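*Asks:* Let me begin by handing over the structure; questions about it come next.
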Amino acid sequence: MEAQVSAASVPARPWSPPPDASDVVKGIHAMLHPHNIVLVGATDKPGNYAERIWNNLVKYGFEGGLYPVNAKRESIWGVPCYKDFASLPEKPDHVLVLVPARFAVQVIRDAAAAGARSATIVTSGFSELQDEESQRLAAELQRAVRETGLAVTGPNCLGNLSAGEKLFTNIDDRIVTMEQGAVAVAGQSGAIVMAIRQALEDRGVGVGYMVTTGNEAGLETPDLMRYFAEDPSVKVIVVYLEGVRNTKAFRDACKAARAASKPVIALKLGSSEGGRAAAMAHTGALAGSIETFDAIATREGVIRVGGLDELIETTECFVHAAVPRGDRLAAVTLSGGKRGMLIDAFYAQDLNFAPLSPHVSSELGKMLGPGSIVGNPLDAGFAAVVDPSVYMKSIKLMIDDPEIDIVIIDAEMPKAPHEQRERNLRIVNEMAGRAAKPVIYISAMSIGFTEFTKSLRKSLPHLAVMQGMDRAVTAIKSLLAYARLRKEVPDIVSSSKPAARAVLEKTLKSANGAALDEVASKKLLKAYGIPTSKEAIAQTAAEAMKIAKQIGFPVVAKVVSAEILHKSDIGGVVLNLNSAAEVKKAFSDITARVAKLKGKPKLDGILIAQQVKADLELVVGASLDAEMGPVVLFGTGGIDIELMKDVALAGAPLDEAEAKLLIGRTKAGIKMRGYRGKPALHEASAVKALVGLSNLIADAGDRIASIDVNPFLINAKTGVAVDALIVLNNAAAKRAAGH
């Protein structure tokens with residue numbers, strides 16, 4: 001069983017990274033736990049950022065030194081103002097940069113020279129703007145950060161929170177509870193990260209750290225994730241991501257969090273194609289960046305949420321719920337209608353309630369009379385309403401039952417003092433603390449928290465208290481999925497052979513168009529162990545007839561041209577050719593159609609291929625996502641591929657075990673196992689194709705944009721690639737894609 005994710009027993013300060021910690025972790029620790037803070041660009045112009053940040057540092061009682069710097073002022077905010085770093089009473093440690101963008105680079109260099117360890121650049125006017133001067137400043141700033149080695153957040157950010165240090169270098173003027181909570185929040189958008197912190201506080205969930213990273217000229221969100229994975233005060237990591245620049249750093253940070261049993265809850269912006277060049281193939285169009293993010297991040301243990309409300313409920317669930325041993329759910333309610341809603345909401349997420357054990361059913365039956373439904377969910381009904389002790393005994397039976405993994409209670413938190421309901425909550429909280437299993441209160445609607453509710457909620461550390469049934473169910477599903485993950489996710493490396501890699505290098509070196517033609521594509525697939533159909537290319541009708549006789553009828557005739565990407569769209573594929581005469585006619589017809597096309601594409605010949613009898617048409621493919629790197633795709637193929645969109649994705653490369661898991665996530669995979677009495681299909685060939693494709697896209701680095709094998713025909717005895725398109729990631733491909 002995984003370690004419990006709980007707000008209880010948060011270790012006391014101080015904690016420091018061990019000597020062998022990375023420089024990034026040490027730098028972030030210095031930024032969040034500085035000896036002093038220097039505000040460069042201090043001005044008391046009413047409402048400006050500098051004054052708001054200063055007021056927050058004073059209001060919340062930061063205990064280190066606070067030093068304003070402005071060469072034109074002797075004093076400010078009732079304290080001495082310093083002209084430069086040299087005039088400070090001590091060496092600067094954390095520097096807040098509030099000067100105009102054109103001066104920021106020099107401030108960073110001067111701060112490092114004076115001994116500072118970290119900085120936050122609140123100033124905007126860098127890469128978020130598109131003019132040439134702003135881009136030049138952004139490049140200079142990145143160079144200065146890199147050369148000085150300072151731990152820097154920003155520019156264009158809104159400051160940070162380190163509750164244990166009473167540090168709030170943020171412009172927010174809303175009340176902050178400076179309590180070392182179990183949640184750490186980081187992200188590129190200051191407004192969104194601040195909203196998340198406020199919403200969690202309003203729910204009584206403590207935020208120990210909040211970091212706004214802005215343009216990320218220095219520290220990036222994965223760097224903060226890595227630090228939070230190591231800091232023992234953090235139990236749940238929440239991130240807002242506008243983009244992932246360094247996939248390896250992101251994956252490494254996720255692995256570190258997973259190894260530390262710290263869930264990462266991510267709100268990810270954007271669902272684009274991940275590069276228009278990839279969209280020339282079906283695989284590229286189906287593998288959008290959000291799906292690719294899910295494919296890679298989920299394997300590493302990330303829980304992606306669909307919006308801010310879902311993020312808050314999911315965070316609440318992970319902070320206060322123990323990770324369950326299994327997925328056996330039980331629920332208690334006092335309403336038949338609510339019972340039905342619970343069943344519907346969980347069923348919609350493919351979750352079901354377990355049958356109650358004979359012992360629990362028997363005990364409940366003895367206590368509850370008419371008006372109750374002894375089942376799961378339990379409607380304790382009239383007897384429990386009249387006698388609160390019956391209600392509490394019903395809950396205790398569920399919590400104490402070793403055959404139940406999660407107990408859900410349909411009830412709302414009181415908005416004002418309520419003796420009976422408060423007493424019940426405290427009793428159930430004690431039960432949950434002893435049980436080491438999730439006990440989750442769900443309010444069917446989001447009714448909000450009052451100051452009383454927030455205070456009461458903080459006194460119930462062993463209960464998850466959730467608002468809105470649908471969002472609560474989604475969060476519980478995420479909790480169950482997290483519980484099933486491996487604690488350590490091994491890296492998988494390409495298992496290709498040297499001979500295959502040699503064919504890849506030779507093929508890419510000789511390629512000069514936007515894509516490889518079908519013959520070259522299949523030659524490369526075959527080198528990587530991907531089964532292909534018997535076939536040969538013909539230059540004349542007579543040669544086509546000879547090839548067909550050698551292969552054996554029926555055969556397929558297909559146009560071969562690197563300039564024609566989707567052959568069926570121009571009538572370049574003719575099926576079910578059962579005689580030499582039919583092959584001759586198909587050769588002539590395809591040749592004539594190509595001759596009439598605009599642009600006069602070069603015809604390299606006509607491919608005559610074995611026609612495989614298929615019980616199922618699949619698509620297998622691979623794509624280089626612009627953000628997350630190489631992925632593989634599997635699903636239902638053929639002419640209805642875009643209509644069905646029955647596909648699943650996984651990061652590349654993968655091994656046989658992960659290929660089988662990928663297949664199992666699709667309807668096509670269900671059919672392959674033998675659906676409704678039909679024989680099972682040849683899964684081994686599909687697994688071989690997926691592993692081979694994953695090795696190929698990984699070995700190619702950034703030189704192949706996408707690989708599209710559609711259809712991959714499969715029956716009970718075999719599976720073969722009968723069509724293939726490999727789109728290159730080169731200048732020609734980008735021109736063809738409209739770049």
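Ligands are numbered from 1 in the order shown, residues from 1 within each chain, and chains are lettered A, B, ... in the order they appear in the structure tokens.
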Could you pull the residues within 7 Å of Ala435 of chain A, counting only C-alpha atoms, minus those fewer than 4 positions along the same chain, as a CSV table (one decimal) with all heavy atoms, in the first residue's frame?
*Replies:*
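What landed in result_23.csv:
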chain,number,residue,atom,x,y,z
A,399,ILE,N,-16.9,1.6,7.7
A,399,ILE,CA,-15.5,2.0,7.9
A,399,ILE,C,-14.7,0.8,8.5
A,399,ILE,O,-13.5,0.5,8.1
A,399,ILE,CB,-15.4,3.2,8.8
A,399,ILE,CG1,-15.9,4.4,8.1
A,399,ILE,CG2,-13.9,3.4,9.3
A,399,ILE,CD1,-15.9,5.7,9.0
A,400,ASP,N,-15.3,0.0,9.4
A,400,ASP,CA,-14.6,-1.1,10.0
A,400,ASP,C,-14.5,-2.3,9.1
A,400,ASP,O,-13.7,-3.3,9.4
A,400,ASP,CB,-15.3,-1.5,11.3
A,400,ASP,CG,-15.1,-0.4,12.4
A,400,ASP,OD1,-14.2,0.4,12.2
A,400,ASP,OD2,-15.8,-0.5,13.4
A,431,MET,N,-12.9,7.9,13.6
A,431,MET,CA,-13.0,6.6,13.0
A,431,MET,C,-12.0,6.5,11.8
A,431,MET,O,-11.3,5.5,11.6
A,431,MET,CB,-14.4,6.3,12.5
A,431,MET,CG,-15.5,6.1,13.6
A,431,MET,SD,-17.1,5.8,12.8
A,431,MET,CE,-18.2,6.0,14.1
*Asks:* Report as a tab-separated table (two decimals) with N, CA and C atoms, in the first residue's frame all protein, DNA and RNA residues lying within 10 Å of Arg593 of chain A, evaluated on only C-alpha atoms, omitting residues in the same chain fewer than 3 positions from it.
*Replies:*
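around.tsv written:
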chain	number	residue	atom	x	y	z
A	559	VAL	N	-0.90	3.44	-56.19
A	559	VAL	CA	0.04	4.41	-56.74
A	559	VAL	C	1.22	4.58	-55.79
A	570	ILE	N	-7.36	10.14	-54.40
A	570	ILE	CA	-7.29	10.45	-55.84
A	570	ILE	C	-7.55	9.21	-56.70
A	571	GLY	N	-8.13	8.18	-56.08
A	571	GLY	CA	-8.39	6.95	-56.82
A	571	GLY	C	-7.14	6.16	-57.10
A	572	GLY	N	-6.18	6.27	-56.22
A	572	GLY	CA	-4.90	5.61	-56.43
A	572	GLY	C	-4.80	4.22	-55.83
A	588	SER	N	-3.54	0.74	-65.75
A	588	SER	CA	-3.83	1.80	-66.72
A	588	SER	C	-4.69	2.90	-66.11
A	589	ASP	N	-5.71	2.50	-65.31
A	589	ASP	CA	-6.62	3.49	-64.72
A	589	ASP	C	-5.89	4.41	-63.74
A	590	ILE	N	-5.06	3.83	-62.88
A	590	ILE	CA	-4.34	4.64	-61.90
A	590	ILE	C	-3.37	5.58	-62.60
A	596	LYS	N	-3.73	13.27	-64.80
A	596	LYS	CA	-4.68	14.38	-64.83
A	596	LYS	C	-4.58	15.30	-63.61
A	597	LEU	N	-3.76	14.91	-62.61
A	597	LEU	CA	-3.69	15.69	-61.37
A	597	LEU	C	-2.96	17.01	-61.58
*Asks:* Just the residues within 8 Å of Val560 of chain A, please, counting only C-alpha atoms, with nothing from its chain fewer than 4 positions along; format it as a CSV table (one decimal) with N, CA, C and O atoms, in the first residue's frame.
*Replies:*
chain,number,residue,atom,x,y,z
A,517,ASP,N,8.1,7.6,-50.0
A,517,ASP,CA,7.0,6.9,-50.6
A,517,ASP,C,6.7,5.6,-49.9
A,517,ASP,O,7.4,5.2,-49.0
A,518,GLU,N,5.7,4.9,-50.4
A,518,GLU,CA,5.2,3.7,-49.7
A,518,GLU,C,6.3,2.6,-49.7
A,518,GLU,O,6.5,1.9,-48.7
A,519,VAL,N,7.0,2.5,-50.8
A,519,VAL,CA,8.0,1.4,-50.9
A,519,VAL,C,9.1,1.7,-49.9
A,519,VAL,O,9.5,0.8,-49.1
A,564,ILE,N,2.1,12.1,-53.4
A,564,ILE,CA,0.7,11.8,-53.2
A,564,ILE,C,0.6,11.1,-51.8
A,564,ILE,O,1.0,9.9,-51.7
A,603,LEU,N,5.3,10.1,-60.8
A,603,LEU,CA,4.8,8.7,-60.5
A,603,LEU,C,6.0,7.8,-60.5
A,603,LEU,O,6.8,7.7,-61.5
A,604,ASP,N,6.3,7.1,-59.4
A,604,ASP,CA,7.4,6.2,-59.3
A,604,ASP,C,7.1,4.7,-59.6
A,604,ASP,O,8.0,3.9,-59.6
A,605,GLY,N,5.8,4.5,-59.9
A,605,GLY,CA,5.4,3.1,-60.3
A,605,GLY,C,4.1,2.8,-59.6
A,605,GLY,O,3.5,3.6,-58.9
A,606,ILE,N,3.6,1.5,-59.8
A,606,ILE,CA,2.4,1.0,-59.2
A,606,ILE,C,2.8,-0.2,-58.4
A,606,ILE,O,3.5,-1.1,-58.9
A,607,LEU,N,2.4,-0.2,-57.1
A,607,LEU,CA,2.7,-1.2,-56.2
A,607,LEU,C,1.6,-2.3,-56.3
A,607,LEU,O,0.4,-2.0,-56.2
*Asks:* Restricting the calculation to only C-alpha atoms, which member of A:Val24, A:His29, A:Glu133, A:Ser127 is positioned closest to Ala253 of chain A?
*Replies:*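 Ranking A:Val24, A:His29, A:Glu133, A:Ser127 by distance to Ala253 of chain A, first place goes to A:Val24.
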*Asks:* Contacts of Gly674 of chain A at 12 Å or less, counting only C-alpha atoms, minus same-chain residues fewer than 5 places along, as an mmCIF file with N, CA and C atoms, in the first residue's frame?
*Replies:*
data_model
loop_
_atom_site.group_PDB
_atom_site.id
_atom_site.type_symbol
_atom_site.label_atom_id
_atom_site.label_comp_id
_atom_site.auth_asym_id
_atom_site.auth_seq_id
_atom_site.Cartn_x
_atom_site.Cartn_y
_atom_site.Cartn_z
ATOM 1 N N ASP A 615 -9.997 -9.483 -40.449
ATOM 2 C CA ASP A 615 -11.153 -9.468 -39.558
ATOM 3 C C ASP A 615 -11.302 -8.111 -38.881
ATOM 4 N N LEU A 616 -10.206 -7.318 -38.903
ATOM 5 C CA LEU A 616 -10.237 -6.003 -38.271
ATOM 6 C C LEU A 616 -9.175 -5.118 -38.913
ATOM 7 N N LYS A 667 -11.292 0.216 -28.038
ATOM 8 C CA LYS A 667 -12.343 -0.726 -28.445
ATOM 9 C C LYS A 667 -11.783 -1.774 -29.395
ATOM 10 N N ALA A 668 -10.827 -1.355 -30.221
ATOM 11 C CA ALA A 668 -10.174 -2.318 -31.109
ATOM 12 C C ALA A 668 -9.508 -3.424 -30.299
ATOM 13 N N GLY A 669 -8.898 -3.054 -29.177
ATOM 14 C CA GLY A 669 -8.269 -4.048 -28.320
ATOM 15 C C GLY A 669 -9.268 -5.037 -27.753
ATOM 16 N N PRO A 679 -13.465 -15.400 -32.651
ATOM 17 C CA PRO A 679 -12.123 -15.840 -32.240
ATOM 18 C C PRO A 679 -11.202 -14.658 -31.957
ATOM 19 N N ALA A 680 -10.243 -14.880 -31.051
ATOM 20 C CA ALA A 680 -9.253 -13.847 -30.755
ATOM 21 C C ALA A 680 -8.362 -13.628 -31.970
ATOM 22 N N LEU A 681 -7.933 -12.397 -32.172
ATOM 23 C CA LEU A 681 -7.081 -12.056 -33.304
ATOM 24 C C LEU A 681 -5.608 -12.079 -32.890
ATOM 25 N N HIS A 682 -4.729 -11.952 -33.872
ATOM 26 C CA HIS A 682 -3.299 -12.169 -33.663
ATOM 27 C C HIS A 682 -2.658 -10.942 -33.007
ATOM 28 N N GLU A 683 -2.795 -10.857 -31.685
ATOM 29 C CA GLU A 683 -2.299 -9.699 -30.951
ATOM 30 C C GLU A 683 -0.792 -9.549 -31.072
ATOM 31 N N ASN A 715 -5.963 -10.680 -38.609
ATOM 32 C CA ASN A 715 -6.927 -11.772 -38.482
ATOM 33 C C ASN A 715 -6.436 -12.716 -37.401
ATOM 34 N N ALA A 716 -6.980 -13.900 -37.348
ATOM 35 C CA ALA A 716 -6.635 -14.819 -36.256
ATOM 36 C C ALA A 716 -5.218 -15.371 -36.384
#
*Asks:* Measure the distance from atom CA of His94 of chain A to atom CA of Gln142 of chain A in Å and round it to one decimal.
*Replies:*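 Rounded to one decimal, the two atoms are 18.1 Å apart.
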*Asks:* Taking the DSSP assignment computed from this structure's backbone, write out as a PyMOL selection string all residues of segment 252-500 of chain A that belong to strand (DSSP E or B).
*Replies:* chain A and resi 264-268+302-305+329-333+353+373+378-379+406-410+439-443+464-467
*Asks:* With distances taken over only C-alpha atoms, which residue among A:Ser459, A:Asn48, A:Asn156, A:Thr148 lies nearest Ala101 of chain A?
*Replies:*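 Nearest candidate to Ala101 of chain A out of A:Ser459, A:Asn48, A:Asn156, A:Thr148: A:Asn156.
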